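Trainee: Have a peek at input-v5.txt (compact mmCIF, C-alpha atoms).
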```
# COMPACT_ATOMS: atom_id res chain seq x y z
CA MET A 109 91.42 102.69 90.18
CA GLU A 110 90.15 101.04 93.36
CA LYS A 111 86.50 100.12 93.30
CA LYS A 112 85.96 99.41 97.01
CA ILE A 113 86.07 101.39 100.23
CA HIS A 114 87.51 99.71 103.30
CA LEU A 115 85.04 100.63 106.06
CA GLU A 116 85.82 100.34 109.76
CA ILE A 117 82.93 100.86 112.19
CA ILE A 118 84.04 101.13 115.80
CA SER A 119 81.81 102.04 118.73
CA ILE A 120 82.47 102.90 122.35
CA ASP A 121 80.80 99.69 123.55
CA GLY A 122 83.51 97.65 121.83
CA LYS A 123 81.60 96.65 118.70
CA GLU A 124 83.86 96.57 115.66
CA GLU A 125 83.12 95.76 112.07
CA TYR A 126 85.44 95.75 109.07
CA VAL A 127 84.01 95.41 105.59
CA ASP A 128 84.84 96.37 102.01
CA VAL A 129 81.93 98.29 100.48
CA ASP A 130 80.91 100.05 97.30
CA THR A 131 79.48 103.20 98.90
CA VAL A 132 78.97 104.80 102.31
CA TYR A 133 76.25 107.34 103.15
CA VAL A 134 76.21 109.33 106.39
CA ASP A 135 73.67 111.77 107.81
CA VAL A 136 75.67 114.94 108.55
CA PRO A 137 74.26 117.74 110.77
CA ASN A 138 73.10 120.78 108.81
CA SER A 139 74.25 119.21 105.52
CA GLY A 140 72.02 116.23 104.88
CA VAL A 141 73.23 112.91 103.56
CA LEU A 142 76.84 112.76 102.38
CA GLY A 143 77.59 110.03 99.86
CA ILE A 144 81.10 108.61 99.68
CA LEU A 145 82.29 106.79 96.60
CA PRO A 146 85.72 105.26 95.97
CA ASN A 147 88.51 107.75 95.21
CA ARG A 148 86.60 110.68 96.72
CA GLN A 149 88.52 113.60 98.16
CA PRO A 150 89.31 113.21 101.89
CA VAL A 151 86.58 114.25 104.30
CA VAL A 152 86.05 114.45 108.04
CA ALA A 153 82.50 114.87 109.32
CA LEU A 154 80.81 115.08 112.69
CA LEU A 155 77.86 112.70 112.99
CA HIS A 156 74.82 113.25 115.16
CA ILE A 157 71.84 111.16 116.17
CA GLY A 158 70.81 109.78 112.84
CA TYR A 159 71.86 106.97 110.57
CA PHE A 160 74.45 105.79 108.14
CA TYR A 161 74.49 102.97 105.66
CA TYR A 162 76.72 101.24 103.22
CA SER A 163 76.06 99.23 100.11
CA ILE A 164 77.69 96.21 98.58
CA GLY A 165 76.14 95.57 95.19
CA ASP A 166 72.38 95.56 95.70
CA LYS A 167 72.69 94.94 99.47
CA LYS A 168 72.14 97.95 101.74
CA VAL A 169 73.08 97.77 105.45
CA VAL A 170 71.59 100.51 107.66
CA TYR A 171 72.66 101.58 111.16
CA ALA A 172 71.16 103.85 113.78
CA ILE A 173 73.84 106.01 115.36
CA SER A 174 73.86 108.32 118.37
CA GLY A 175 76.78 110.43 117.29
CA GLY A 176 80.37 110.07 116.22
CA ILE A 177 82.93 111.01 113.61
CA LEU A 178 83.60 109.92 110.04
CA ASN A 179 87.09 110.10 108.57
CA PHE A 180 87.58 109.17 104.91
CA ARG A 181 90.92 109.15 103.14
CA ASN A 182 92.61 106.96 100.51
CA ASN A 183 89.53 104.71 100.14
CA LYS A 184 89.44 103.98 103.86
CA ALA A 185 86.42 105.18 105.86
CA VAL A 186 86.47 105.02 109.65
CA ILE A 187 83.31 105.68 111.64
CA LEU A 188 83.94 106.15 115.34
CA ALA A 189 80.48 105.91 116.85
CA ASP A 190 79.16 106.68 120.31
CA THR A 191 76.63 103.87 119.81
CA ARG A 192 75.42 102.11 116.73
CA GLU A 193 72.90 99.39 115.99
CA ARG A 194 72.35 97.64 112.72
CA GLU A 195 68.75 97.87 111.52
CA ASP A 196 68.21 94.12 112.05
CA GLU A 197 69.40 94.45 115.69
CA LEU A 198 66.73 97.00 116.62
CA ASP A 199 64.15 95.75 119.14
CA LEU A 200 60.82 97.56 118.80
CA ALA A 201 59.61 96.71 122.32
CA ARG A 202 62.86 97.92 123.94
CA ILE A 203 62.89 101.10 121.89
CA THR A 204 59.25 101.84 122.70
CA ARG A 205 59.94 101.40 126.44
CA ALA A 206 62.95 103.73 126.21
CA LYS A 207 60.85 106.33 124.39
CA GLU A 208 58.06 106.15 126.96
CA ARG A 209 60.54 106.32 129.88
CA ALA A 210 62.23 109.39 128.38
CA GLU A 211 58.88 111.11 127.77
CA GLU A 212 57.84 110.38 131.35
CA ILE A 213 61.05 111.87 132.73
CA LEU A 214 60.79 114.93 130.48
CA GLY A 215 57.21 115.49 131.62
CA SER A 216 58.20 115.47 135.28
CA ILE A 217 61.20 117.83 135.11
CA ASP A 218 60.67 121.52 135.80
CA ASN A 219 64.24 122.67 135.22
CA LYS A 220 64.87 122.40 131.48
CA ASN A 221 68.53 123.31 132.03
CA SER A 222 69.26 120.29 134.23
CA VAL A 223 71.53 117.40 133.33
CA GLU A 224 68.63 115.02 133.90
CA TYR A 225 66.54 116.91 131.32
CA GLU A 226 69.40 116.83 128.78
CA ASN A 227 69.92 113.08 129.31
CA ALA A 228 66.22 112.31 128.91
CA SER A 229 66.02 114.53 125.82
CA PHE A 230 69.01 112.71 124.29
CA SER A 231 67.42 109.32 125.09
CA LEU A 232 64.16 110.40 123.48
CA LYS A 233 65.97 111.57 120.31
CA LYS A 234 67.81 108.23 120.08
CA ALA A 235 64.57 106.28 120.50
CA LEU A 236 62.74 108.35 117.87
CA ASN A 237 65.63 107.90 115.44
CA ARG A 238 65.57 104.13 115.89
CA LEU A 239 61.79 104.00 115.50
CA LYS A 240 62.11 105.97 112.27
CA LEU A 241 64.43 103.28 110.89
CA LEU A 242 61.93 100.57 111.76
CA ASN A 243 59.09 102.26 109.90
```
Before we go any further, please render this structure as structure tokens.
Mentor:
Amino acid sequence: MEKKIHLEIISIDGKEEYVDVDTVYVDVPNSGVLGILPNRQPVVALLHIGYFYYSIGDKKVVYAISGGILNFRNNKAVILADTREREDELDLARITRAKERAEEILGSIDNKNSVEYENASFSLKKALNRLKLLN
């Protein structure tokens, strides 16, 4: 029986990480947190703005994510992420500026069906998610 999961984390911006882990946990829309242990049944899950983390022994590594897909099969988990940042890469000042900028844009838009409104709303959700991980 294998005791590790081979995890591949790949994001659109070209960041790649390959690591063997004990467990993987992903925040799945409308389902909550899905825990993946070695030898689990295959699963494919859509990921939204949220987080995921993995553990190796007592070490827990947390990421903010802005969407993506998880595919797990035969003790190999692949997370294809739109964007992802490890918790220790998060910059509070940058995130706060992004949050304030998004709130300013949202406050100035009358047409809530516009692309600009959707983009600002998405940016605000990403910033709030990252701030949540820092607290």
Trainee: Do you know which residues lie at most 12 Å from (92.5, 107.0, 102.7), with coordinates as in the file and only C-alpha atoms counted, and could you write them as a PyMOL selection string?
Mentor: chain A and resi 110+112-116+144-152+178-186
Trainee: Could the residues in this selection be written to a file with C-alpha atoms, as a PDB file, keeping the file's coordinate frame?
Mentor:
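Result file is selection_31.pdb:
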```pdb
ATOM      1  CA  GLU A 110      90.150 101.040  93.360  1.00  0.00           C
ATOM      2  CA  LYS A 112      85.960  99.410  97.010  1.00  0.00           C
ATOM      3  CA  ILE A 113      86.070 101.390 100.230  1.00  0.00           C
ATOM      4  CA  HIS A 114      87.510  99.710 103.300  1.00  0.00           C
ATOM      5  CA  LEU A 115      85.040 100.630 106.060  1.00  0.00           C
ATOM      6  CA  GLU A 116      85.820 100.340 109.760  1.00  0.00           C
ATOM      7  CA  ILE A 144      81.100 108.610  99.680  1.00  0.00           C
ATOM      8  CA  LEU A 145      82.290 106.790  96.600  1.00  0.00           C
ATOM      9  CA  PRO A 146      85.720 105.260  95.970  1.00  0.00           C
ATOM     10  CA  ASN A 147      88.510 107.750  95.210  1.00  0.00           C
ATOM     11  CA  ARG A 148      86.600 110.680  96.720  1.00  0.00           C
ATOM     12  CA  GLN A 149      88.520 113.600  98.160  1.00  0.00           C
ATOM     13  CA  PRO A 150      89.310 113.210 101.890  1.00  0.00           C
ATOM     14  CA  VAL A 151      86.580 114.250 104.300  1.00  0.00           C
ATOM     15  CA  VAL A 152      86.050 114.450 108.040  1.00  0.00           C
ATOM     16  CA  LEU A 178      83.600 109.920 110.040  1.00  0.00           C
ATOM     17  CA  ASN A 179      87.090 110.100 108.570  1.00  0.00           C
ATOM     18  CA  PHE A 180      87.580 109.170 104.910  1.00  0.00           C
ATOM     19  CA  ARG A 181      90.920 109.150 103.140  1.00  0.00           C
ATOM     20  CA  ASN A 182      92.610 106.960 100.510  1.00  0.00           C
ATOM     21  CA  ASN A 183      89.530 104.710 100.140  1.00  0.00           C
ATOM     22  CA  LYS A 184      89.440 103.980 103.860  1.00  0.00           C
ATOM     23  CA  ALA A 185      86.420 105.180 105.860  1.00  0.00           C
ATOM     24  CA  VAL A 186      86.470 105.020 109.650  1.00  0.00           C
TER      25      VAL A 186
END
```
Trainee: Compare A:Pro137, A:Lys234, A:Val170, A:Asp128 by their minimum atom-to-atom distance to Glu197 in chain A, counting all atoms listed in the file, and give me the closest one.
Mentor: A:Val170
Trainee: Between A:Tyr133, A:Tyr161, A:Phe230, A:Tyr126, which residue has the minimum interatomic distance to Glu195 in chain A, considering only C-alpha atoms?
Mentor: A:Tyr161
Trainee: Counting all atoms listed in the file, what is within 12 Å of Leu200 in chain A, bar same-chain residues fewer than 5 positions away, as a list in words?
Mentor: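 Surrounding residues, per the criterion: Glu195, Arg205, Ala206, Lys207, Ala235, Leu236, Asn237, Arg238, Leu239, Lys240, Leu241, Leu242 and Asn243 of chain A.
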Trainee: Please measure the separation of CA of Asp196 in chain A and CA of Leu154 in chain A, giving the value in Å to one decimal.
Mentor: 24.5 Å
Trainee: Using all atoms listed in the file, can you tell me which of A:Val132, A:Ile177, A:Val141, A:Ile203 comes closest to Gly165 in chain A?
Mentor: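 So, comparing all the options, the nearest one is A:Val132.
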Trainee: In Å, how far is it from CA of Gly176 in chain A to CA of Leu188 in chain A?
Mentor: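 A separation of 5.4 Å between them.
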Trainee: Suppose you want the space between CA of Ile164 in chain A and CA of Asp199 in chain A; what is it in Å?
Mentor: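 A separation of 24.6 Å between them.
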Trainee: Need the shell around Ala189 in chain A: protein/DNA/RNA residues with any atom at most 12 Å away, counting only C-alpha atoms. Skip same-chain ones fewer than 6 positions apart. Format as JSON, numbers by chain?
Mentor: {"A": [116, 117, 118, 119, 120, 121, 122, 123, 124, 125, 134, 153, 154, 155, 156, 157, 158, 159, 160, 171, 172, 173, 174, 175, 176, 177, 178, 179]}
Trainee: For the selection you just gave me, I'd like the residues written to a file as a tab-separated table (two decimals), in the coordinates of the input, keeping C-alpha atoms.
Mentor:
```
chain	number	residue	atom	x	y	z
A	116	GLU	CA	85.82	100.34	109.76
A	117	ILE	CA	82.93	100.86	112.19
A	118	ILE	CA	84.04	101.13	115.80
A	119	SER	CA	81.81	102.04	118.73
A	120	ILE	CA	82.47	102.90	122.35
A	121	ASP	CA	80.80	99.69	123.55
A	122	GLY	CA	83.51	97.65	121.83
A	123	LYS	CA	81.60	96.65	118.70
A	124	GLU	CA	83.86	96.57	115.66
A	125	GLU	CA	83.12	95.76	112.07
A	134	VAL	CA	76.21	109.33	106.39
A	153	ALA	CA	82.50	114.87	109.32
A	154	LEU	CA	80.81	115.08	112.69
A	155	LEU	CA	77.86	112.70	112.99
A	156	HIS	CA	74.82	113.25	115.16
A	157	ILE	CA	71.84	111.16	116.17
A	158	GLY	CA	70.81	109.78	112.84
A	159	TYR	CA	71.86	106.97	110.57
A	160	PHE	CA	74.45	105.79	108.14
A	171	TYR	CA	72.66	101.58	111.16
A	172	ALA	CA	71.16	103.85	113.78
A	173	ILE	CA	73.84	106.01	115.36
A	174	SER	CA	73.86	108.32	118.37
A	175	GLY	CA	76.78	110.43	117.29
A	176	GLY	CA	80.37	110.07	116.22
A	177	ILE	CA	82.93	111.01	113.61
A	178	LEU	CA	83.60	109.92	110.04
A	179	ASN	CA	87.09	110.10	108.57
```
Trainee: I'd like the contact shell of Glu208 in chain A - 12 Å cut-off, all atoms listed in the file, skipping same-chain residues fewer than 5 positions apart - returned as a ChimeraX atom specification.
Mentor: /A:201-203,213-215,228-229,231-233,235-236
Trainee: Find the axis-aligned box for range 113-119 of chain A, covering all its listed atoms and adding 6 Å on each side, and write its centre and edge lengths in Å to one decimal as JSON.
Mentor:
```
{"center_x": 84.7, "center_y": 100.9, "center_z": 109.5, "size_x": 17.7, "size_y": 14.3, "size_z": 30.5}
```
Trainee: Would you fill the gaps in range 135-147 of chain A so it has N, CA and C atoms, then print it as a PDB file, keeping the file's coordinate frame?
Mentor:
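Okay, this is what ended up in selection-v9.pdb:
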```
ATOM      1  N   ASP A 135      74.553 110.630 107.537  1.00  0.00           N
ATOM      2  CA  ASP A 135      73.670 111.770 107.810  1.00  0.00           C
ATOM      3  C   ASP A 135      74.494 112.794 108.591  1.00  0.00           C
ATOM      4  N   VAL A 136      74.788 113.921 107.973  1.00  0.00           N
ATOM      5  CA  VAL A 136      75.670 114.940 108.550  1.00  0.00           C
ATOM      6  C   VAL A 136      74.833 116.129 109.021  1.00  0.00           C
ATOM      7  N   PRO A 137      75.041 116.592 110.267  1.00  0.00           N
ATOM      8  CA  PRO A 137      74.260 117.740 110.770  1.00  0.00           C
ATOM      9  C   PRO A 137      74.346 118.942 109.838  1.00  0.00           C
ATOM     10  N   ASN A 138      73.216 119.554 109.606  1.00  0.00           N
ATOM     11  CA  ASN A 138      73.100 120.780 108.810  1.00  0.00           C
ATOM     12  C   ASN A 138      73.538 120.637 107.357  1.00  0.00           C
ATOM     13  N   SER A 139      73.819 119.413 106.908  1.00  0.00           N
ATOM     14  CA  SER A 139      74.250 119.210 105.520  1.00  0.00           C
ATOM     15  C   SER A 139      73.437 118.172 104.789  1.00  0.00           C
ATOM     16  N   GLY A 140      72.763 117.312 105.506  1.00  0.00           N
ATOM     17  CA  GLY A 140      72.020 116.230 104.880  1.00  0.00           C
ATOM     18  C   GLY A 140      72.872 114.991 104.731  1.00  0.00           C
ATOM     19  N   VAL A 141      72.538 114.179 103.762  1.00  0.00           N
ATOM     20  CA  VAL A 141      73.230 112.910 103.560  1.00  0.00           C
ATOM     21  C   VAL A 141      74.442 113.125 102.657  1.00  0.00           C
ATOM     22  N   LEU A 142      75.576 112.672 103.118  1.00  0.00           N
ATOM     23  CA  LEU A 142      76.840 112.760 102.380  1.00  0.00           C
ATOM     24  C   LEU A 142      77.145 111.380 101.811  1.00  0.00           C
ATOM     25  N   GLY A 143      77.246 111.284 100.506  1.00  0.00           N
ATOM     26  CA  GLY A 143      77.590 110.030  99.860  1.00  0.00           C
ATOM     27  C   GLY A 143      79.084 109.959  99.599  1.00  0.00           C
ATOM     28  N   ILE A 144      79.662 108.801  99.891  1.00  0.00           N
ATOM     29  CA  ILE A 144      81.100 108.610  99.680  1.00  0.00           C
ATOM     30  C   ILE A 144      81.296 107.458  98.705  1.00  0.00           C
ATOM     31  N   LEU A 145      81.960 107.768  97.630  1.00  0.00           N
ATOM     32  CA  LEU A 145      82.290 106.790  96.600  1.00  0.00           C
ATOM     33  C   LEU A 145      83.798 106.568  96.615  1.00  0.00           C
ATOM     34  N   PRO A 146      84.270 105.474  96.052  1.00  0.00           N
ATOM     35  CA  PRO A 146      85.720 105.260  95.970  1.00  0.00           C
ATOM     36  C   PRO A 146      86.428 106.435  95.291  1.00  0.00           C
ATOM     37  N   ASN A 147      87.629 106.712  95.744  1.00  0.00           N
ATOM     38  CA  ASN A 147      88.510 107.750  95.210  1.00  0.00           C
ATOM     39  C   ASN A 147      88.010 109.166  95.432  1.00  0.00           C
TER      40      ASN A 147
END
```
